[in-house]
Amino acid sequence: MSELLYGKMEKLDIKETLRYLGYAGVKSAEGAEELIAECERLILPVLSPAAVYDVFPISFGGGNKIDLGYAEVESNSLLRNLTGCKMAALFAATVGPGTDRLIVKYNKLSPARAVVLQAMGAAAVEQWCDEVNAIITQKYGKTRPRFSCGYGDLPLALQRKIFPALSVTQKIGITLTDGDLMIPSKSVTAIVGILG
């Protein structure tokens, strides 16, 4: 039975925002602090973190075949990630459509703000995924790092199996484009191997 999670963000990881802006390793973006602070004030009220997850038994076939319980896939990258696991949590998470609307608005009004908001949205969904991952780890014990479609050789098209397995659209409102990208754009699907 899938579980729904909702969150609230009162502060964003600005270091992660800076990383998405290309300032990796820089403690502060001199001259941009005011813009970043302003964008954080704009984005926080529109974030509506939501996630749905479930746990599935997994098994391994010959070569790089993996039965994920809701789909079979061939992936060397995911196989390495899930080594030692008999179960995996599957989740979909989003920070909601407000970020996309804000980015569209500021693309017209202030491209500099739109760029910062884009980075903040990416940082926010990763921050939310970390929280979801922590909840799964707390409930099920030690886990492997989360792994998403599009990483390594895991096809993005696997999302077509993930969405019905979790009733993603019905439960948290994320939809897929014809190219298997998610709307709202600040959304993630991930597989988390459980080592217990």
# chains A, B, ... in the order shown; residues from 1 in each chain; ligands from 1
>>> residues_around(residues="Leu158 of chain A", least_positions_apart="6", cutoff="9 Å", atoms="only C-alpha atoms", output="compact mmCIF listing (two decimals) with all heavy atoms, in the first residue's frame")
# COMPACT_ATOMS: atom_id res chain seq x y z
N ALA A 71 7.96 -3.81 -12.58
CA ALA A 71 8.49 -3.77 -13.95
C ALA A 71 9.80 -4.55 -13.99
O ALA A 71 10.48 -4.69 -12.97
CB ALA A 71 8.76 -2.34 -14.39
N VAL A 73 13.55 -4.65 -15.88
CA VAL A 73 14.44 -3.71 -16.57
C VAL A 73 15.82 -4.34 -16.70
O VAL A 73 16.20 -5.20 -15.90
CB VAL A 73 14.50 -2.35 -15.81
CG1 VAL A 73 15.19 -2.49 -14.48
CG2 VAL A 73 15.13 -1.26 -16.64
N CYS A 149 15.60 7.32 -12.94
CA CYS A 149 15.56 7.07 -14.38
C CYS A 149 16.37 8.15 -15.08
O CYS A 149 16.31 9.33 -14.71
CB CYS A 149 14.13 7.10 -14.88
SG CYS A 149 13.08 5.84 -14.14
N GLY A 150 17.14 7.73 -16.08
CA GLY A 150 18.00 8.67 -16.79
C GLY A 150 19.42 8.64 -16.28
O GLY A 150 20.33 9.14 -16.95
N ASP A 180 8.62 11.67 -21.75
CA ASP A 180 8.87 11.10 -20.42
C ASP A 180 9.49 12.09 -19.43
O ASP A 180 10.15 11.69 -18.47
CB ASP A 180 9.74 9.83 -20.51
CG ASP A 180 9.06 8.74 -21.32
OD1 ASP A 180 7.83 8.59 -21.19
OD2 ASP A 180 9.74 8.07 -22.11
>>> residues_around(residues="Thr189 of chain A", least_positions_apart="3", cutoff="8 Å", atoms="only C-alpha atoms", output="list in words")
Leu90, Phe91, Ala92, Ala93, Ser148, Cys149, Gln159 and Ile162 of chain A
>>> select_by_dssp(residues="segment 112-194 of chain A", states="strand (DSSP E)", output="PDB file with N, CA and C atoms, in the first residue's frame")
ATOM      1  N   THR A 175       2.453  14.761 -13.948  1.00  0.00           N
ATOM      2  CA  THR A 175       2.131  14.102 -15.213  1.00  0.00           C
ATOM      3  C   THR A 175       3.417  13.928 -16.026  1.00  0.00           C
ATOM      4  N   LEU A 176       3.336  13.078 -17.039  1.00  0.00           N
ATOM      5  CA  LEU A 176       4.473  12.832 -17.931  1.00  0.00           C
ATOM      6  C   LEU A 176       4.196  13.416 -19.309  1.00  0.00           C
ATOM      7  N   MET A 182       8.753  15.142 -16.560  1.00  0.00           N
ATOM      8  CA  MET A 182       7.671  15.355 -15.600  1.00  0.00           C
ATOM      9  C   MET A 182       7.219  16.808 -15.540  1.00  0.00           C
ATOM     10  N   ILE A 183       5.939  16.982 -15.320  1.00  0.00           N
ATOM     11  CA  ILE A 183       5.331  18.283 -15.061  1.00  0.00           C
ATOM     12  C   ILE A 183       4.566  18.138 -13.745  1.00  0.00           C
ATOM     13  N   SER A 187      10.287  17.795 -10.141  1.00  0.00           N
ATOM     14  CA  SER A 187       9.771  16.512  -9.661  1.00  0.00           C
ATOM     15  C   SER A 187      10.813  15.444  -9.923  1.00  0.00           C
ATOM     16  N   VAL A 188      10.781  14.382  -9.141  1.00  0.00           N
ATOM     17  CA  VAL A 188      11.765  13.318  -9.231  1.00  0.00           C
ATOM     18  C   VAL A 188      11.075  11.981  -8.993  1.00  0.00           C
ATOM     19  N   THR A 189      11.513  10.951  -9.718  1.00  0.00           N
ATOM     20  CA  THR A 189      11.175   9.573  -9.343  1.00  0.00           C
ATOM     21  C   THR A 189      12.486   8.908  -8.976  1.00  0.00           C
ATOM     22  N   ALA A 190      12.441   7.991  -8.021  1.00  0.00           N
ATOM     23  CA  ALA A 190      13.689   7.354  -7.589  1.00  0.00           C
ATOM     24  C   ALA A 190      13.416   5.961  -7.029  1.00  0.00           C
ATOM     25  N   ILE A 191      14.441   5.125  -7.136  1.00  0.00           N
ATOM     26  CA  ILE A 191      14.450   3.779  -6.598  1.00  0.00           C
ATOM     27  C   ILE A 191      15.492   3.768  -5.485  1.00  0.00           C
ATOM     28  N   VAL A 192      15.101   3.266  -4.312  1.00  0.00           N
ATOM     29  CA  VAL A 192      15.999   3.227  -3.164  1.00  0.00           C
ATOM     30  C   VAL A 192      16.106   1.791  -2.681  1.00  0.00           C
ATOM     31  N   GLY A 193      17.268   1.179  -2.896  1.00  0.00           N
ATOM     32  CA  GLY A 193      17.493  -0.188  -2.439  1.00  0.00           C
ATOM     33  C   GLY A 193      17.522  -0.264  -0.929  1.00  0.00           C
ATOM     34  N   ILE A 194      16.866  -1.291  -0.368  1.00  0.00           N
ATOM     35  CA  ILE A 194      16.809  -1.492   1.088  1.00  0.00           C
ATOM     36  C   ILE A 194      17.720  -2.656   1.443  1.00  0.00           C
TER      37      ILE A 194
END
>>> atom_distance(atom1="atom CA of Gln138 of chain A", atom2="atom CA of Ala123 of chain A")
22.5 Å
>>> select_by_dssp(residues="segment 45-104 of chain A", states="alpha helix (DSSP H)", output="ChimeraX atom specification")
/A:76-82,98-104
>>> atom_distance(atom1="atom CA of Tyr140 of chain A", atom2="atom CA of Ala51 of chain A")
17.0 Å
>>> closest_residue(among="A:Arg41, A:Arg160, A:Arg144, A:Arg80", to="Val116 of chain A", atoms="only C-alpha atoms")
A:Arg41
>>> residues_around(residues="Glu10 of chain A", least_positions_apart="4", cutoff="12 Å", atoms="only C-alpha atoms", output="ChimeraX atom specification")
/A:40-49,124,127-128
>>> write_last_selection(atoms="N, CA, C and O atoms", output="PDB file, in the first residue's frame")
ATOM      1  N   GLU A  40      14.624  33.532  -2.674  1.00  0.00           N
ATOM      2  CA  GLU A  40      14.178  32.589  -1.640  1.00  0.00           C
ATOM      3  C   GLU A  40      12.854  33.058  -1.033  1.00  0.00           C
ATOM      4  O   GLU A  40      11.941  32.261  -0.805  1.00  0.00           O
ATOM      5  N   ARG A  41      12.724  34.361  -0.805  1.00  0.00           N
ATOM      6  CA  ARG A  41      11.457  34.900  -0.287  1.00  0.00           C
ATOM      7  C   ARG A  41      10.312  34.678  -1.282  1.00  0.00           C
ATOM      8  O   ARG A  41       9.170  34.460  -0.884  1.00  0.00           O
ATOM      9  N   LEU A  42      10.611  34.739  -2.574  1.00  0.00           N
ATOM     10  CA  LEU A  42       9.584  34.521  -3.598  1.00  0.00           C
ATOM     11  C   LEU A  42       9.152  33.057  -3.678  1.00  0.00           C
ATOM     12  O   LEU A  42       7.971  32.755  -3.845  1.00  0.00           O
ATOM     13  N   ILE A  43      10.121  32.140  -3.578  1.00  0.00           N
ATOM     14  CA  ILE A  43       9.833  30.733  -3.853  1.00  0.00           C
ATOM     15  C   ILE A  43       9.242  29.977  -2.657  1.00  0.00           C
ATOM     16  O   ILE A  43       8.403  29.093  -2.836  1.00  0.00           O
ATOM     17  N   LEU A  44       9.683  30.319  -1.442  1.00  0.00           N
ATOM     18  CA  LEU A  44       9.237  29.542  -0.275  1.00  0.00           C
ATOM     19  C   LEU A  44       7.707  29.442  -0.153  1.00  0.00           C
ATOM     20  O   LEU A  44       7.185  28.354   0.091  1.00  0.00           O
ATOM     21  N   PRO A  45       6.966  30.535  -0.349  1.00  0.00           N
ATOM     22  CA  PRO A  45       5.504  30.423  -0.193  1.00  0.00           C
ATOM     23  C   PRO A  45       4.819  29.547  -1.247  1.00  0.00           C
ATOM     24  O   PRO A  45       3.696  29.091  -1.038  1.00  0.00           O
ATOM     25  N   VAL A  46       5.468  29.325  -2.402  1.00  0.00           N
ATOM     26  CA  VAL A  46       4.800  28.550  -3.461  1.00  0.00           C
ATOM     27  C   VAL A  46       5.194  27.070  -3.452  1.00  0.00           C
ATOM     28  O   VAL A  46       4.642  26.281  -4.217  1.00  0.00           O
ATOM     29  N   LEU A  47       6.152  26.687  -2.611  1.00  0.00           N
ATOM     30  CA  LEU A  47       6.564  25.284  -2.551  1.00  0.00           C
ATOM     31  C   LEU A  47       5.497  24.461  -1.833  1.00  0.00           C
ATOM     32  O   LEU A  47       5.020  24.837  -0.769  1.00  0.00           O
ATOM     33  N   SER A  48       5.113  23.354  -2.438  1.00  0.00           N
ATOM     34  CA  SER A  48       4.134  22.446  -1.810  1.00  0.00           C
ATOM     35  C   SER A  48       4.639  21.012  -1.961  1.00  0.00           C
ATOM     36  O   SER A  48       4.158  20.265  -2.816  1.00  0.00           O
ATOM     37  N   PRO A  49       5.638  20.634  -1.143  1.00  0.00           N
ATOM     38  CA  PRO A  49       6.251  19.311  -1.268  1.00  0.00           C
ATOM     39  C   PRO A  49       5.255  18.181  -1.015  1.00  0.00           C
ATOM     40  O   PRO A  49       4.504  18.204  -0.035  1.00  0.00           O
ATOM     41  N   ALA A 124      15.484  22.731  -4.133  1.00  0.00           N
ATOM     42  CA  ALA A 124      14.350  22.431  -3.250  1.00  0.00           C
ATOM     43  C   ALA A 124      13.853  21.003  -3.436  1.00  0.00           C
ATOM     44  O   ALA A 124      13.576  20.301  -2.465  1.00  0.00           O
ATOM     45  N   GLN A 127      16.295  18.668  -1.866  1.00  0.00           N
ATOM     46  CA  GLN A 127      16.173  18.761  -0.407  1.00  0.00           C
ATOM     47  C   GLN A 127      14.967  17.944   0.064  1.00  0.00           C
ATOM     48  O   GLN A 127      15.044  17.213   1.055  1.00  0.00           O
ATOM     49  N   TRP A 128      13.861  18.032  -0.656  1.00  0.00           N
ATOM     50  CA  TRP A 128      12.662  17.265  -0.324  1.00  0.00           C
ATOM     51  C   TRP A 128      12.920  15.765  -0.513  1.00  0.00           C
ATOM     52  O   TRP A 128      12.538  14.947   0.315  1.00  0.00           O
TER      53      TRP A 128
END
>>> atom_distance(atom1="atom CA of Asn81 of chain A", atom2="atom CA of Tyr151 of chain A")
11.1 Å
>>> closest_residue(among="A:Val132, A:Leu12, A:Ala37, A:Leu156", to="Tyr53 of chain A", atoms="only C-alpha atoms")
A:Val132
>>> decode(residues="segment 108-122 of chain A", atoms="all heavy atoms", output="mmCIF file, in the first residue's frame")
data_model
loop_
_atom_site.group_PDB
_atom_site.id
_atom_site.type_symbol
_atom_site.label_atom_id
_atom_site.label_comp_id
_atom_site.auth_asym_id
_atom_site.auth_seq_id
_atom_site.Cartn_x
_atom_site.Cartn_y
_atom_site.Cartn_z
ATOM 1 N N LYS A 108 9.835 36.438 -18.143
ATOM 2 C CA LYS A 108 9.385 37.643 -18.850
ATOM 3 C C LYS A 108 9.830 38.919 -18.129
ATOM 4 O O LYS A 108 10.170 39.905 -18.769
ATOM 5 C CB LYS A 108 7.862 37.633 -18.970
ATOM 6 C CG LYS A 108 7.338 36.509 -19.829
ATOM 7 C CD LYS A 108 5.828 36.448 -19.794
ATOM 8 C CE LYS A 108 5.361 35.204 -20.516
ATOM 9 N NZ LYS A 108 4.048 34.776 -20.098
ATOM 10 N N LEU A 109 9.785 38.894 -16.781
ATOM 11 C CA LEU A 109 10.053 40.104 -15.998
ATOM 12 C C LEU A 109 11.534 40.320 -15.684
ATOM 13 O O LEU A 109 12.010 41.453 -15.671
ATOM 14 C CB LEU A 109 9.291 40.055 -14.665
ATOM 15 C CG LEU A 109 7.774 39.993 -14.745
ATOM 16 C CD1 LEU A 109 7.183 39.815 -13.360
ATOM 17 C CD2 LEU A 109 7.247 41.272 -15.396
ATOM 18 N N SER A 110 12.246 39.245 -15.385
ATOM 19 C CA SER A 110 13.634 39.375 -14.935
ATOM 20 C C SER A 110 14.361 38.049 -15.154
ATOM 21 O O SER A 110 14.317 37.161 -14.302
ATOM 22 C CB SER A 110 13.670 39.750 -13.444
ATOM 23 O OG SER A 110 14.972 39.626 -12.940
ATOM 24 N N PRO A 111 15.025 37.894 -16.299
ATOM 25 C CA PRO A 111 15.728 36.635 -16.577
ATOM 26 C C PRO A 111 16.725 36.230 -15.488
ATOM 27 O O PRO A 111 16.888 35.048 -15.215
ATOM 28 C CB PRO A 111 16.431 36.914 -17.908
ATOM 29 C CG PRO A 111 15.576 37.950 -18.565
ATOM 30 C CD PRO A 111 15.079 38.814 -17.435
ATOM 31 N N ALA A 112 17.365 37.206 -14.836
ATOM 32 C CA ALA A 112 18.315 36.874 -13.759
ATOM 33 C C ALA A 112 17.589 36.178 -12.609
ATOM 34 O O ALA A 112 18.067 35.171 -12.068
ATOM 35 C CB ALA A 112 19.027 38.132 -13.261
ATOM 36 N N ARG A 113 16.430 36.689 -12.235
ATOM 37 C CA ARG A 113 15.640 36.047 -11.171
ATOM 38 C C ARG A 113 15.164 34.664 -11.626
ATOM 39 O O ARG A 113 15.146 33.717 -10.843
ATOM 40 C CB ARG A 113 14.463 36.935 -10.773
ATOM 41 C CG ARG A 113 14.861 38.093 -9.921
ATOM 42 C CD ARG A 113 13.684 39.037 -9.619
ATOM 43 N NE ARG A 113 14.123 40.174 -8.836
ATOM 44 C CZ ARG A 113 14.733 41.254 -9.336
ATOM 45 N NH1 ARG A 113 14.970 41.341 -10.638
ATOM 46 N NH2 ARG A 113 15.110 42.244 -8.551
ATOM 47 N N ALA A 114 14.779 34.552 -12.879
ATOM 48 C CA ALA A 114 14.315 33.252 -13.401
ATOM 49 C C ALA A 114 15.410 32.203 -13.289
ATOM 50 O O ALA A 114 15.150 31.056 -12.922
ATOM 51 C CB ALA A 114 13.848 33.396 -14.850
ATOM 52 N N VAL A 115 16.654 32.573 -13.582
ATOM 53 C CA VAL A 115 17.778 31.635 -13.497
ATOM 54 C C VAL A 115 17.974 31.190 -12.047
ATOM 55 O O VAL A 115 18.157 30.001 -11.763
ATOM 56 C CB VAL A 115 19.077 32.272 -14.061
ATOM 57 C CG1 VAL A 115 20.301 31.447 -13.706
ATOM 58 C CG2 VAL A 115 18.961 32.432 -15.570
ATOM 59 N N VAL A 116 17.922 32.139 -11.117
ATOM 60 C CA VAL A 116 18.097 31.800 -9.698
ATOM 61 C C VAL A 116 16.928 30.935 -9.222
ATOM 62 O O VAL A 116 17.124 29.948 -8.503
ATOM 63 C CB VAL A 116 18.258 33.071 -8.829
ATOM 64 C CG1 VAL A 116 18.266 32.719 -7.341
ATOM 65 C CG2 VAL A 116 19.531 33.813 -9.211
ATOM 66 N N LEU A 117 15.713 31.272 -9.634
ATOM 67 C CA LEU A 117 14.546 30.487 -9.239
ATOM 68 C C LEU A 117 14.620 29.059 -9.795
ATOM 69 O O LEU A 117 14.227 28.098 -9.131
ATOM 70 C CB LEU A 117 13.258 31.174 -9.701
ATOM 71 C CG LEU A 117 12.907 32.467 -8.951
ATOM 72 C CD1 LEU A 117 11.826 33.236 -9.693
ATOM 73 C CD2 LEU A 117 12.488 32.163 -7.514
ATOM 74 N N GLN A 118 15.129 28.920 -11.005
ATOM 75 C CA GLN A 118 15.324 27.595 -11.610
ATOM 76 C C GLN A 118 16.274 26.763 -10.734
ATOM 77 O O GLN A 118 15.998 25.601 -10.419
ATOM 78 C CB GLN A 118 15.895 27.781 -13.021
ATOM 79 C CG GLN A 118 16.012 26.541 -13.841
ATOM 80 C CD GLN A 118 14.690 26.079 -14.400
ATOM 81 O OE1 GLN A 118 14.165 25.094 -13.913
ATOM 82 N NE2 GLN A 118 14.158 26.755 -15.383
ATOM 83 N N ALA A 119 17.386 27.357 -10.335
ATOM 84 C CA ALA A 119 18.363 26.671 -9.478
ATOM 85 C C ALA A 119 17.765 26.363 -8.109
ATOM 86 O O ALA A 119 17.968 25.273 -7.561
ATOM 87 C CB ALA A 119 19.622 27.529 -9.336
ATOM 88 N N MET A 120 17.015 27.303 -7.554
ATOM 89 C CA MET A 120 16.396 27.078 -6.245
ATOM 90 C C MET A 120 15.357 25.970 -6.300
ATOM 91 O O MET A 120 15.239 25.184 -5.366
ATOM 92 C CB MET A 120 15.726 28.363 -5.738
ATOM 93 C CG MET A 120 16.681 29.260 -5.070
ATOM 94 S SD MET A 120 15.827 30.618 -4.260
ATOM 95 C CE MET A 120 17.250 31.263 -3.395
ATOM 96 N N GLY A 121 14.611 25.916 -7.388
ATOM 97 C CA GLY A 121 13.620 24.849 -7.537
ATOM 98 C C GLY A 121 14.286 23.485 -7.580
ATOM 99 O O GLY A 121 13.824 22.528 -6.956
ATOM 100 N N ALA A 122 15.400 23.392 -8.313
ATOM 101 C CA ALA A 122 16.145 22.129 -8.386
ATOM 102 C C ALA A 122 16.698 21.758 -7.011
ATOM 103 O O ALA A 122 16.626 20.595 -6.588
ATOM 104 C CB ALA A 122 17.266 22.246 -9.411
#
